[in-house]
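Colleague: Enclosed is the structure file data.cif (mmCIF, C-alpha atoms and all ligand atoms).
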data_protein
#
loop_
_atom_site.label_atom_id
_atom_site.label_comp_id
_atom_site.auth_asym_id
_atom_site.auth_seq_id
_atom_site.Cartn_x
_atom_site.Cartn_y
_atom_site.Cartn_z
CA MET S 1 84.86 -67.45 68.48
CA THR S 2 86.08 -70.79 67.18
CA THR S 3 87.05 -70.91 63.56
CA VAL S 4 85.65 -73.90 61.78
CA ASP S 5 88.41 -75.45 59.73
CA LEU S 6 87.14 -77.85 57.13
CA PRO S 7 86.51 -80.70 56.78
CA LEU S 8 84.73 -80.28 60.07
CA LEU S 9 81.88 -82.75 60.24
CA PRO S 10 81.08 -85.97 58.51
CA LEU S 11 78.63 -85.39 55.72
CA GLY S 12 75.34 -87.05 56.35
CA ARG S 13 71.96 -86.79 57.85
CA GLY S 14 73.20 -86.65 61.42
CA VAL S 15 73.59 -82.90 60.98
CA ASP S 16 70.50 -82.31 58.89
CA PRO S 17 67.57 -81.22 61.06
CA ASN S 18 65.06 -81.80 58.27
CA SER S 19 65.91 -85.27 57.16
CA GLU S 20 62.72 -87.05 58.21
CA ARG S 21 61.47 -88.84 55.16
CA GLY S 22 58.80 -91.01 53.68
CA VAL S 23 56.36 -88.18 52.94
CA ASP S 24 56.17 -88.66 49.21
CA CYS S 25 57.26 -92.26 48.77
CA PRO S 26 55.54 -94.35 51.44
CA GLY S 27 56.89 -97.80 51.97
CA ASP S 28 59.28 -97.84 49.02
CA LEU S 29 62.15 -95.76 50.30
CA PRO S 30 65.22 -97.86 51.11
CA PRO S 31 66.49 -97.35 54.66
CA ALA S 32 69.52 -95.08 54.98
CA SER S 33 71.27 -97.97 56.76
CA ASP S 34 71.11 -100.17 53.65
CA PRO S 35 74.79 -100.98 52.93
CA ASP S 36 73.98 -101.61 49.28
CA LEU S 37 72.68 -98.13 48.43
CA VAL S 38 75.72 -97.15 46.38
CA ALA S 39 75.66 -100.44 44.46
CA ARG S 40 71.90 -100.13 43.93
CA ALA S 41 72.19 -96.58 42.57
CA ARG S 42 75.02 -97.64 40.27
CA ALA S 43 73.12 -100.69 39.01
CA ALA S 44 69.91 -98.72 38.36
CA LYS S 45 71.83 -96.02 36.50
CA GLU S 46 73.62 -98.60 34.39
CA LYS S 47 70.34 -100.30 33.50
CA LEU S 48 68.82 -96.97 32.43
CA GLY S 49 71.94 -96.04 30.43
CA GLU S 50 71.48 -93.10 28.06
CA ARG S 51 67.77 -92.93 28.87
CA VAL S 52 68.53 -91.10 32.13
CA PHE S 53 70.49 -87.92 32.72
CA VAL S 54 71.27 -87.05 36.34
CA LEU S 55 71.88 -83.38 37.20
CA GLY S 56 73.51 -82.36 40.49
CA HIS S 57 73.51 -78.84 41.92
CA HIS S 58 76.72 -77.79 43.67
CA TYR S 59 74.94 -77.70 47.04
CA GLN S 60 74.00 -81.38 46.94
CA ARG S 61 75.42 -83.97 49.33
CA ASP S 62 78.55 -85.89 48.24
CA GLU S 63 76.61 -89.15 48.45
CA VAL S 64 74.33 -87.84 45.69
CA ILE S 65 76.76 -85.75 43.63
CA GLN S 66 78.86 -88.86 42.90
CA PHE S 67 76.01 -90.06 40.66
CA ALA S 68 75.54 -86.80 38.76
CA ASP S 69 76.34 -86.85 35.04
CA VAL S 70 76.90 -83.11 35.28
CA THR S 71 77.20 -80.66 38.16
CA GLY S 72 76.61 -76.93 38.10
CA ASP S 73 74.67 -73.94 39.34
CA SER S 74 70.97 -73.67 38.61
CA PHE S 75 71.45 -71.88 35.29
CA LYS S 76 74.11 -74.22 33.95
CA LEU S 77 72.06 -77.26 34.91
CA ALA S 78 68.97 -75.96 33.12
CA ARG S 79 71.06 -75.46 29.99
CA ASP S 80 72.69 -78.87 30.39
CA ALA S 81 69.26 -80.49 30.61
CA ALA S 82 68.19 -78.72 27.40
CA ALA S 83 71.33 -79.98 25.68
CA ARG S 84 70.33 -83.64 26.15
CA PRO S 85 67.04 -84.00 24.21
CA ASP S 86 67.79 -87.72 23.76
CA ALA S 87 67.50 -88.43 27.49
CA GLU S 88 64.02 -89.69 28.33
CA TYR S 89 64.35 -88.92 32.03
CA ILE S 90 66.03 -85.97 33.73
CA VAL S 91 66.63 -86.74 37.41
CA PHE S 92 67.20 -83.37 39.05
CA CYS S 93 69.23 -83.48 42.26
CA GLY S 94 68.49 -79.94 43.36
CA VAL S 95 65.37 -78.07 44.45
CA HIS S 96 61.88 -77.62 43.02
CA PHE S 97 62.34 -74.36 41.06
CA MET S 98 65.37 -75.86 39.29
CA ALA S 99 63.40 -78.94 38.24
CA GLU S 100 60.64 -76.64 36.94
CA SER S 101 63.18 -74.70 34.87
CA ALA S 102 64.52 -77.97 33.49
CA ASP S 103 60.98 -79.01 32.54
CA ILE S 104 60.42 -75.67 30.80
CA LEU S 105 63.66 -75.89 28.83
CA THR S 106 63.39 -79.57 27.80
CA THR S 107 61.13 -81.19 25.22
CA ASP S 108 57.58 -82.38 25.94
CA GLU S 109 58.75 -85.97 25.54
CA GLN S 110 61.28 -85.67 28.39
CA GLN S 111 60.17 -86.23 31.97
CA VAL S 112 61.79 -84.43 34.89
CA VAL S 113 62.00 -86.15 38.28
CA LEU S 114 62.76 -84.50 41.63
CA PRO S 115 63.74 -87.38 43.97
CA ASP S 116 62.10 -85.72 47.02
CA LEU S 117 59.17 -83.33 46.52
CA ALA S 118 59.95 -81.71 49.87
CA ALA S 119 63.09 -80.23 48.32
CA GLY S 120 61.70 -76.72 47.91
CA CYS S 121 63.40 -73.36 48.42
CA SER S 122 62.43 -70.98 51.19
CA MET S 123 63.51 -67.99 49.11
CA ALA S 124 61.38 -68.98 46.13
CA ASP S 125 58.44 -69.47 48.51
CA MET S 126 58.76 -65.85 49.69
CA ALA S 127 57.24 -64.57 46.43
CA ARG S 128 53.81 -66.05 45.69
CA LEU S 129 52.03 -65.21 42.46
CA GLN S 130 49.03 -63.67 44.18
CA GLN S 131 51.27 -61.37 46.24
CA VAL S 132 53.21 -60.31 43.16
CA GLU S 133 50.00 -59.67 41.18
CA SER S 134 48.75 -57.48 44.06
CA ALA S 135 52.02 -55.57 44.16
CA TRP S 136 51.77 -54.94 40.41
CA GLU S 137 48.22 -53.64 40.82
CA ALA S 138 49.50 -51.24 43.50
CA LEU S 139 52.21 -50.04 41.10
CA GLU S 140 49.53 -49.51 38.46
CA ALA S 141 47.41 -47.56 40.94
CA ALA S 142 50.45 -45.43 41.78
CA GLY S 143 50.82 -44.70 38.05
CA ILE S 144 54.33 -46.14 37.74
CA ALA S 145 53.81 -49.71 36.45
CA ASP S 146 54.58 -48.64 32.85
CA GLN S 147 58.06 -47.52 33.97
CA VAL S 148 58.79 -50.77 35.85
CA VAL S 149 60.48 -53.87 34.39
CA PRO S 150 60.05 -56.98 36.56
CA VAL S 151 63.20 -59.09 36.93
CA THR S 152 63.12 -62.40 38.72
CA TYR S 153 66.03 -64.45 39.97
CA MET S 154 66.20 -68.00 38.64
CA ASN S 155 65.40 -69.00 42.24
CA SER S 156 61.68 -68.42 41.86
CA SER S 157 58.69 -70.52 40.93
CA ALA S 158 57.66 -71.02 37.30
CA ASP S 159 54.54 -68.86 37.75
CA ILE S 160 56.69 -65.90 38.86
CA LYS S 161 58.88 -66.35 35.78
CA ALA S 162 55.66 -66.45 33.72
CA PHE S 163 54.51 -63.20 35.40
CA CYS S 164 57.75 -61.57 34.24
CA GLY S 165 57.23 -62.96 30.74
CA ARG S 166 53.73 -61.41 30.63
CA HIS S 167 54.93 -58.00 31.84
CA GLY S 168 57.96 -57.40 29.61
CA GLY S 169 60.33 -58.79 32.21
CA VAL S 170 63.16 -61.25 32.36
CA VAL S 171 64.92 -63.91 34.45
CA CYS S 172 68.45 -63.51 35.84
CA THR S 173 70.95 -65.69 37.66
CA SER S 174 73.66 -64.84 40.14
CA SER S 175 76.22 -64.90 37.31
CA ASN S 176 74.40 -62.58 34.88
CA ALA S 177 72.38 -60.24 37.14
CA GLU S 178 74.41 -57.18 36.08
CA THR S 179 73.87 -57.76 32.33
CA VAL S 180 70.20 -58.50 32.89
CA LEU S 181 69.67 -55.33 34.94
CA GLU S 182 71.36 -53.28 32.21
CA TRP S 183 68.92 -54.82 29.72
CA ALA S 184 66.01 -53.95 32.02
CA PHE S 185 67.12 -50.33 32.47
CA GLU S 186 67.22 -49.91 28.68
CA ARG S 187 63.46 -50.64 28.78
CA GLY S 188 62.28 -48.89 31.92
CA SER S 189 63.43 -46.45 34.57
CA LYS S 190 62.63 -48.78 37.49
CA VAL S 191 63.06 -52.48 38.23
CA MET S 192 60.98 -54.66 40.52
CA PHE S 193 63.44 -57.34 41.60
CA LEU S 194 62.11 -60.72 42.80
CA PRO S 195 62.46 -62.53 45.16
CA ASP S 196 65.98 -61.95 46.59
CA GLN S 197 66.44 -58.43 47.89
CA HIS S 198 70.15 -59.08 48.53
CA LEU S 199 71.09 -60.12 44.98
CA GLY S 200 69.05 -57.15 43.70
CA ARG S 201 70.63 -54.61 46.05
CA ASN S 202 74.18 -55.94 45.72
CA THR S 203 74.03 -55.90 41.93
CA ALA S 204 72.33 -52.50 41.69
CA VAL S 205 74.64 -50.73 44.13
CA LEU S 206 77.96 -52.46 43.54
CA LYS S 207 77.79 -53.24 39.82
CA LEU S 208 75.51 -50.53 38.40
CA GLY S 209 76.36 -47.74 40.85
CA ILE S 210 72.72 -47.10 41.79
CA PRO S 211 72.73 -45.25 45.15
CA LEU S 212 71.65 -47.34 48.14
CA GLU S 213 68.83 -44.92 48.96
CA LYS S 214 67.30 -45.51 45.52
CA ASN S 215 66.65 -49.13 46.60
CA VAL S 216 63.40 -49.63 48.49
CA VAL S 217 62.04 -52.87 49.95
CA TRP S 218 58.53 -54.05 49.11
CA ASN S 219 57.02 -55.92 52.06
CA PRO S 220 54.23 -58.12 50.65
CA ARG S 221 52.54 -58.34 54.06
CA LEU S 222 51.96 -54.58 54.26
CA ALA S 223 49.50 -52.39 52.37
CA ASN S 224 51.26 -50.79 49.41
CA GLY S 225 54.36 -52.82 50.32
CA GLY S 226 54.86 -50.54 53.33
CA LEU S 227 55.94 -47.74 50.97
CA THR S 228 54.54 -44.28 50.33
CA ALA S 229 53.66 -43.08 46.82
CA GLU S 230 56.60 -40.69 47.08
CA GLN S 231 59.04 -43.47 47.97
CA LEU S 232 57.84 -45.48 44.99
CA GLN S 233 58.15 -42.49 42.65
CA ASP S 234 61.67 -41.84 43.88
CA ALA S 235 62.91 -45.45 43.81
CA THR S 236 65.02 -47.00 41.06
CA MET S 237 65.00 -50.54 42.48
CA ILE S 238 61.90 -51.97 44.14
CA LEU S 239 63.32 -55.00 45.97
CA TRP S 240 61.00 -57.80 47.01
CA GLN S 241 61.40 -58.63 50.68
CA GLY S 242 62.81 -62.13 50.18
CA HIS S 243 66.12 -63.68 51.09
CA CYS S 244 67.99 -66.96 51.22
CA SER S 245 67.86 -68.46 54.69
CA VAL S 246 71.32 -69.99 54.18
CA HIS S 247 73.24 -67.03 52.72
CA GLY S 248 71.36 -64.53 54.89
CA ARG S 249 73.05 -66.02 57.98
CA PHE S 250 76.55 -64.76 57.24
CA SER S 251 77.37 -61.69 59.31
CA PRO S 252 79.81 -58.80 58.95
CA ASP S 253 81.09 -59.49 62.49
CA THR S 254 82.31 -62.92 61.48
CA VAL S 255 84.22 -61.35 58.59
CA ASP S 256 86.04 -59.08 61.07
CA GLU S 257 86.72 -61.95 63.46
CA LEU S 258 88.14 -64.18 60.75
CA ARG S 259 90.33 -61.41 59.39
CA ALA S 260 91.77 -60.93 62.89
CA GLU S 261 92.26 -64.67 63.34
CA ILE S 262 93.69 -65.73 59.96
CA PRO S 263 96.37 -63.43 58.53
CA GLY S 264 95.86 -62.76 54.84
CA VAL S 265 92.50 -64.54 54.65
CA GLN S 266 90.39 -63.57 51.64
CA ILE S 267 86.66 -63.38 52.03
CA LEU S 268 84.74 -64.90 49.11
CA VAL S 269 80.95 -64.69 49.18
CA HIS S 270 77.84 -65.34 47.09
CA PRO S 271 75.75 -62.25 46.15
CA GLU S 272 72.76 -63.70 48.07
CA CYS S 273 74.60 -62.57 51.24
CA GLN S 274 73.54 -59.40 53.04
CA HIS S 275 74.87 -56.13 51.59
CA GLU S 276 76.90 -55.44 54.77
CA VAL S 277 78.73 -58.76 54.33
CA VAL S 278 79.34 -58.25 50.62
CA LEU S 279 80.75 -54.77 51.33
CA LYS S 280 83.35 -56.33 53.63
CA ALA S 281 84.24 -59.19 51.27
CA ASP S 282 87.23 -59.32 48.91
CA LEU S 283 85.36 -61.12 46.15
CA VAL S 284 81.71 -61.73 45.39
CA GLY S 285 80.26 -64.03 42.79
CA SER S 286 78.09 -66.95 41.81
CA THR S 287 78.66 -70.54 42.79
CA GLU S 288 80.56 -71.18 39.55
CA PHE S 289 82.72 -68.09 40.23
CA ILE S 290 83.52 -69.31 43.74
CA ILE S 291 84.61 -72.72 42.44
CA LYS S 292 86.78 -71.18 39.72
CA THR S 293 88.37 -68.69 42.13
CA ILE S 294 89.42 -71.42 44.54
CA ALA S 295 90.67 -73.68 41.73
CA GLU S 296 92.90 -70.87 40.44
CA ALA S 297 94.09 -69.65 43.86
CA PRO S 298 97.75 -70.23 44.75
CA ALA S 299 98.75 -73.00 47.15
CA GLY S 300 99.03 -71.70 50.71
CA SER S 301 96.34 -69.04 50.26
CA ALA S 302 93.60 -68.75 52.89
CA TRP S 303 89.90 -68.33 52.15
CA ALA S 304 86.73 -67.86 54.17
CA ILE S 305 83.78 -68.74 51.98
CA GLY S 306 80.19 -67.58 52.42
CA THR S 307 78.03 -70.06 50.58
CA GLU S 308 76.29 -73.39 51.23
CA LEU S 309 78.28 -75.79 53.39
CA ASN S 310 78.21 -78.91 51.19
CA LEU S 311 80.05 -76.92 48.52
CA VAL S 312 82.51 -75.30 50.93
CA GLN S 313 83.30 -78.69 52.42
CA ARG S 314 83.82 -80.21 48.96
CA LEU S 315 86.15 -77.35 48.00
CA ALA S 316 88.14 -77.83 51.20
CA ASN S 317 88.52 -81.54 50.45
CA ALA S 318 89.48 -80.91 46.83
CA HIS S 319 92.13 -78.29 47.69
CA PRO S 320 94.10 -79.51 50.72
CA ASP S 321 96.97 -77.18 49.73
CA LYS S 322 94.77 -74.14 50.54
CA ARG S 323 93.23 -73.18 53.86
CA ILE S 324 89.48 -73.05 53.43
CA VAL S 325 87.10 -72.15 56.24
CA PHE S 326 83.36 -71.61 56.41
CA LEU S 327 82.23 -68.02 57.02
CA ASP S 328 79.93 -68.85 59.92
CA ARG S 329 80.24 -69.85 63.54
CA THR S 330 77.73 -72.65 63.23
CA VAL S 331 77.22 -75.39 60.71
CA CYS S 332 74.38 -74.75 58.32
CA TYR S 333 73.45 -76.74 55.27
CA CYS S 334 70.58 -75.81 53.01
CA SER S 335 68.08 -78.19 54.59
CA THR S 336 65.94 -78.46 51.47
CA MET S 337 68.92 -79.20 49.20
CA ASN S 338 69.86 -81.87 51.74
CA ARG S 339 66.46 -83.51 51.36
CA ILE S 340 67.82 -85.26 48.29
CA ASP S 341 69.79 -88.13 49.77
CA LEU S 342 70.93 -91.50 48.52
CA PRO S 343 67.77 -93.39 49.56
CA HIS S 344 65.61 -90.94 47.57
CA LEU S 345 67.91 -91.13 44.57
CA VAL S 346 67.91 -94.93 44.64
CA TRP S 347 64.12 -94.94 44.96
CA ALA S 348 63.72 -92.57 41.99
CA LEU S 349 66.16 -94.49 39.77
CA GLU S 350 64.85 -97.96 40.65
CA SER S 351 61.29 -96.77 40.03
CA LEU S 352 62.34 -95.62 36.54
CA VAL S 353 63.91 -99.02 35.90
CA GLU S 354 60.55 -100.56 36.80
CA GLY S 355 58.82 -98.17 34.38
CA THR S 356 57.29 -95.84 37.01
CA VAL S 357 58.04 -92.13 36.85
CA VAL S 358 57.85 -90.89 40.45
CA ASN S 359 57.79 -87.25 41.59
CA LYS S 360 57.38 -85.91 38.08
CA ILE S 361 57.69 -82.13 37.81
CA GLU S 362 55.42 -80.75 35.16
CA VAL S 363 54.77 -77.07 34.49
CA ASP S 364 51.40 -76.38 32.82
CA PRO S 365 51.60 -75.30 29.14
CA GLN S 366 50.41 -71.68 29.66
CA THR S 367 52.88 -71.03 32.50
CA GLN S 368 55.56 -72.77 30.50
CA ALA S 369 54.99 -70.59 27.43
CA GLU S 370 55.06 -67.33 29.41
CA ALA S 371 58.04 -68.36 31.55
CA THR S 372 59.92 -69.33 28.39
CA VAL S 373 59.52 -65.74 27.14
CA ALA S 374 61.29 -64.41 30.25
CA LEU S 375 63.93 -67.14 30.18
CA GLN S 376 64.55 -66.65 26.46
CA ARG S 377 65.12 -62.89 26.95
CA MET S 378 67.93 -63.85 29.32
CA LEU S 379 69.31 -66.58 27.07
CA ASP S 380 69.41 -64.14 24.14
CA LEU S 381 71.69 -61.73 26.02
CA PRO S 382 75.31 -61.76 24.79
CA GLY S 383 77.51 -64.33 26.50
CA LYS S 384 74.62 -65.81 28.50
P1 LIG N 401 73.22 -70.58 41.95
O1 LIG N 401 72.88 -72.00 41.71
O2 LIG N 401 72.77 -69.72 40.81
O3 LIG N 401 74.64 -70.35 42.31
O4 LIG N 401 72.32 -70.08 43.18
C1 LIG N 401 72.66 -70.34 44.47
C2 LIG N 401 71.56 -70.95 45.18
O5 LIG N 401 71.19 -70.55 46.25
C3 LIG N 401 70.91 -72.09 44.57
O6 LIG N 401 69.85 -72.46 45.32
FE1 LIG N 402 66.93 -71.67 48.32
FE2 LIG N 402 69.01 -70.59 49.61
FE3 LIG N 402 68.64 -73.23 49.65
FE4 LIG N 402 69.40 -72.01 47.39
S1 LIG N 402 70.57 -72.17 49.27
S2 LIG N 402 67.82 -73.60 47.61
S3 LIG N 402 68.28 -70.06 47.57
S4 LIG N 402 67.25 -71.68 50.54
#
Represent the supplied structure as structure tokens.
Modeller:
Amino acid sequence: MTTVDLPLLPLGRGVDPNSERGVDCPGDLPPASDPDLVARARAAKEKLGERVFVLGHHYQRDEVIQFADVTGDSFKLARDAAARPDAEYIVFCGVHFMAESADILTTDEQQVVLPDLAAGCSMADMARLQQVESAWEALEAAGIADQVVPVTYMNSSADIKAFCGRHGGVVCTSSNAETVLEWAFERGSKVMFLPDQHLGRNTAVLKLGIPLEKNVVWNPRLANGGLTAEQLQDATMILWQGHCSVHGRFSPDTVDELRAEIPGVQILVHPECQHEVVLKADLVGSTEFIIKTIAEAPAGSAWAIGTELNLVQRLANAHPDKRIVFLDRTVCYCSTMNRIDLPHLVWALESLVEGTVVNKIEVDPQTQAEATVALQRMLDLPGK
């Protein structure tokens, strides 16, 4: 195996397999070759001044993140958006579910823009409302729905958050999943965890001490989730069969290989990684935790990081005194995060300057009200 020392590739669309564009903005998108893109983005932002607030998720490209007024994980960004009620426009450099959360948590007067509507999330797409409603009906038929509290990861669509709001459930993030699960188990004896089975399992087993065999996986493509009535009765965690296509790639073998190759390397991973990888890691935590851990690490320390590559690459560049490698043999960005590039950002900002709100993300009032219930339950938890 070849270890990938970072920085290893130039950032840019040459390595992004999904960078074809023009779907949602025909004709108006500046070409990526335009040498004035940086100046155009700067000029448009200056013209908009305080009227625009640009949010950048940690997994965004450098070319975009340089224009973010704030950076953060999905939870922090949603809160940051809510903290700027004076900003007329929120330009969300992230993916669709994050822009929806920002719309839910901001005022009706504020408009949220996602520069490329193709920036979705494959994990969020793995739990559709109709599938989740059917699963709930099956739990009702099995006579256990009244014991189950639905918990959804922030990385889910607004209608799934609304479902949780309607059914006494709650939203969690990768940084507060343990606290949220404790809250849920004070209200029910079982949790249905959506849509990321890995975050659910890792938190239940490693933080709450729930035995692995008490975690069952609900496959939405199978009758009754592929589970028997007995399995459902016996389960403590009913994990939705969803995963992140980026974090799901990291393998326990690579952990072993890197440990053999780099003496003293510490393995630092996001809880969206597979349980087998997390078990072999030294530290596990959210994107914000990963950034803080590296910032506080001593010079000369060595780290293999299992999270999205734009962030790992940025950390490697920011900390040249530490050895930072990517925990995978091959390069893999989140292709939907990478959809937001400088041409799309310029297009969105210049359109706002001209008075046109493009790619507006708007959650309908009913969904918004019910999703807010689930989000508010999380926000009301101590320290969150
Ligand atoms: P956080 O933003 O909560 O760290 O989640 C990671 C992720 O996969 C975002 O899409
Ligand atoms: Fe979705 Fe994973 Fe990409 Fe995050 S990194 S947006 S969870 S596919």
Colleague: Please report, as a tab-separated table, each residue of chain S lying at most 8 Å from ligand LIG 402 (chain N), together with the nearest pair of atoms and the separation in Å rounded to one decimal; use only C-alpha atoms and all ligand atoms, and order rows by chain and ascending residue number.
Modeller:
residue	atom	partner	partner_atom	distance
S:Tyr59	CA	N:LIG402	S1	7.4
S:Gly94	CA	N:LIG402	S2	7.7
S:Val95	CA	N:LIG402	S2	6.0
S:Gly120	CA	N:LIG402	S2	6.9
S:Cys121	CA	N:LIG402	FE1	3.9
S:Ser122	CA	N:LIG402	S4	4.9
S:Met123	CA	N:LIG402	FE1	5.1
S:Ala124	CA	N:LIG402	FE1	6.5
S:Asn155	CA	N:LIG402	S3	6.2
S:His243	CA	N:LIG402	S3	7.6
S:Cys244	CA	N:LIG402	FE2	4.1
S:Ser245	CA	N:LIG402	S4	5.3
S:Val246	CA	N:LIG402	FE2	5.2
S:His247	CA	N:LIG402	FE2	6.3
S:Glu272	CA	N:LIG402	S3	7.8
S:Thr307	CA	N:LIG402	S1	7.9
S:Glu308	CA	N:LIG402	S1	6.2
S:Cys334	CA	N:LIG402	FE3	4.7
S:Ser335	CA	N:LIG402	FE3	7.0
S:Thr336	CA	N:LIG402	FE3	6.2
S:Met337	CA	N:LIG402	S2	5.9
Colleague: Report, in Å to a single decimal, how far apart atom O4 of ligand LIG 401 (chain N) and atom CA of S:Asp73 are.
Modeller: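 We find that atom CA of S:Asp73 and atom O4 of ligand LIG 401 (chain N) lie 5.9 Å from each other.
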Colleague: Produce as a PDB file with C-alpha atoms, in the frame of the given file the set of residues near ligand LIG 401 (chain N), where near means within 6 Å with all atoms listed in the file considered.
Modeller:
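After the write, selection-v4.pdb holds the following:
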ATOM      1  CA  ASP S  73      74.670 -73.940  39.340  1.00  0.00           C
ATOM      2  CA  SER S  74      70.970 -73.670  38.610  1.00  0.00           C
ATOM      3  CA  THR S 173      70.950 -65.690  37.660  1.00  0.00           C
ATOM      4  CA  SER S 174      73.660 -64.840  40.140  1.00  0.00           C
ATOM      5  CA  SER S 286      78.090 -66.950  41.810  1.00  0.00           C
ATOM      6  CA  THR S 287      78.660 -70.540  42.790  1.00  0.00           C
TER       7      THR S 287
END
Colleague: Considering all atoms listed in the file, state which residue in the set S:Lys280, S:His58, S:His96, S:Lys322 is at the smallest distance from S:Phe250.
Modeller: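 Of all the options, S:Lys280 lies closest to S:Phe250.
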Colleague: Between atom CA of S:Gln147 and atom CA of S:Gly168, what distance in Å does the model show, to one decimal?
Modeller: 10.8 Å
Colleague: Might you pull out every residue within 10 Å of stretch 67-69 of chain S, with only C-alpha atoms counted and same-chain residues fewer than 4 positions away left off, and present them as a compact mmCIF listing (two decimals) with C-alpha atoms, in the coordinates of the input?
Modeller:
# COMPACT_ATOMS: atom_id res chain seq x y z
CA VAL S 38 75.72 -97.15 46.38
CA ALA S 41 72.19 -96.58 42.57
CA ARG S 42 75.02 -97.64 40.27
CA LYS S 45 71.83 -96.02 36.50
CA VAL S 52 68.53 -91.10 32.13
CA PHE S 53 70.49 -87.92 32.72
CA VAL S 54 71.27 -87.05 36.34
CA LEU S 55 71.88 -83.38 37.20
CA GLY S 56 73.51 -82.36 40.49
CA HIS S 57 73.51 -78.84 41.92
CA GLN S 60 74.00 -81.38 46.94
CA ASP S 62 78.55 -85.89 48.24
CA GLU S 63 76.61 -89.15 48.45
CA ASP S 80 72.69 -78.87 30.39
CA VAL S 91 66.63 -86.74 37.41
CA PHE S 92 67.20 -83.37 39.05
CA CYS S 93 69.23 -83.48 42.26
CA LEU S 342 70.93 -91.50 48.52
CA LEU S 345 67.91 -91.13 44.57
Colleague: Closest to S:Glu276 among S:Val112, S:Leu232, S:Met192, S:Leu206, using only C-alpha atoms?
Modeller: S:Leu206
Colleague: Taking only C-alpha atoms into account, name the residue in S:His198, S:Arg314, S:Arg329, S:Lys47 that is nearest to S:Val278.
Modeller: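 Once distances to S:Val278 are computed over only C-alpha atoms, the minimum belongs to S:His198.
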Colleague: Do you know which residues are at most 10 Å from S:Asp282 counting all atoms listed in the file, after dropping those on the same chain fewer than 6 positions away, and could you put them as a list in words?
Modeller: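 The filter keeps Val265, Gln266, Ile267, Leu268, Val269 and Trp303 of chain S.
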Colleague: Could you check the closest approach to S:Val113 for each of S:Lys360, S:Arg377, S:Arg259, S:Arg61 and tell me which residue wins, using all atoms listed in the file?
Modeller: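 Of the candidates, the smallest distance to S:Val113 is held by S:Lys360.
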Colleague: Please compute the atom CA of S:Leu199-atom CA of S:Val217 distance, one decimal, in Å.
Modeller: 12.6 Å
Colleague: Which is closer to S:Ala102 than all the others in S:Ala78, S:Ala260, S:Val180, S:Val170, using all atoms listed in the file?
Modeller: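 For S:Ala102, the nearest of the candidates is S:Ala78.
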Colleague: When distances are computed from all atoms listed in the file, which of S:Phe326, S:Ile90, S:Gly226, S:Arg79 shows the smallest separation from S:Val357?
Modeller: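 Smallest distance to S:Val357 is found for S:Ile90.
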Colleague: Set the distance at 12 Å and use only C-alpha atoms: which residues neighbour S:Pro211 once local chain neighbours fewer than 3 positions away are removed? I'd like the list as a list of chain:residue names.
Modeller: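 Contacts, in chain order: S:Arg201, S:Asn202, S:Thr203, S:Ala204, S:Val205, S:Leu206, S:Lys207, S:Leu208, S:Lys214, S:Asn215, S:Val216, S:Asp234, S:Ala235, S:Thr236, S:Met237.
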Colleague: With a distance cut-off of 12 Å and only C-alpha atoms, select the neighbouring residues of S:Ala135, excluding the residue or stretch itself and same-chain residues fewer than 5 positions from it, and output the selection as a tab-separated table (two decimals) with C-alpha atoms, in the coordinates of the input.
Modeller:
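Result file result22.tsv:
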chain	number	residue	atom	x	y	z
S	127	ALA	CA	57.24	-64.57	46.43
S	128	ARG	CA	53.81	-66.05	45.69
S	129	LEU	CA	52.03	-65.21	42.46
S	130	GLN	CA	49.03	-63.67	44.18
S	140	GLU	CA	49.53	-49.51	38.46
S	141	ALA	CA	47.41	-47.56	40.94
S	142	ALA	CA	50.45	-45.43	41.78
S	144	ILE	CA	54.33	-46.14	37.74
S	145	ALA	CA	53.81	-49.71	36.45
S	148	VAL	CA	58.79	-50.77	35.85
S	150	PRO	CA	60.05	-56.98	36.56
S	163	PHE	CA	54.51	-63.20	35.40
S	192	MET	CA	60.98	-54.66	40.52
S	193	PHE	CA	63.44	-57.34	41.60
S	194	LEU	CA	62.11	-60.72	42.80
S	217	VAL	CA	62.04	-52.87	49.95
S	218	TRP	CA	58.53	-54.05	49.11
S	219	ASN	CA	57.02	-55.92	52.06
S	220	PRO	CA	54.23	-58.12	50.65
S	221	ARG	CA	52.54	-58.34	54.06
S	222	LEU	CA	51.96	-54.58	54.26
S	223	ALA	CA	49.50	-52.39	52.37
S	224	ASN	CA	51.26	-50.79	49.41
S	225	GLY	CA	54.36	-52.82	50.32
S	226	GLY	CA	54.86	-50.54	53.33
S	227	LEU	CA	55.94	-47.74	50.97
S	232	LEU	CA	57.84	-45.48	44.99
S	238	ILE	CA	61.90	-51.97	44.14
S	239	LEU	CA	63.32	-55.00	45.97
S	240	TRP	CA	61.00	-57.80	47.01
S	241	GLN	CA	61.40	-58.63	50.68
Colleague: Residues near S:Cys172, anyone? I mean within 8 Å using only C-alpha atoms, not counting same-chain ones fewer than 3 positions away, as a short mmCIF file (atom, residue, chain, number, x, y, z; two decimals) with C-alpha atoms, keeping the file's coordinate frame.
Modeller:
data_model
loop_
_atom_site.label_atom_id
_atom_site.label_comp_id
_atom_site.auth_asym_id
_atom_site.auth_seq_id
_atom_site.Cartn_x
_atom_site.Cartn_y
_atom_site.Cartn_z
CA VAL S 151 63.20 -59.09 36.93
CA THR S 152 63.12 -62.40 38.72
CA TYR S 153 66.03 -64.45 39.97
CA MET S 154 66.20 -68.00 38.64
CA ASN S 176 74.40 -62.58 34.88
CA ALA S 177 72.38 -60.24 37.14
CA VAL S 180 70.20 -58.50 32.89
CA MET S 378 67.93 -63.85 29.32
#
Colleague: With 6 Å added on each side, what axis-aligned box encloses every listed atom of stretch 353-364 of chain S? Give the centre and edge lengths in Å to one decimal, as JSON.
Modeller:
{"center_x": 57.7, "center_y": -88.5, "center_z": 37.2, "size_x": 24.5, "size_y": 36.2, "size_z": 20.8}
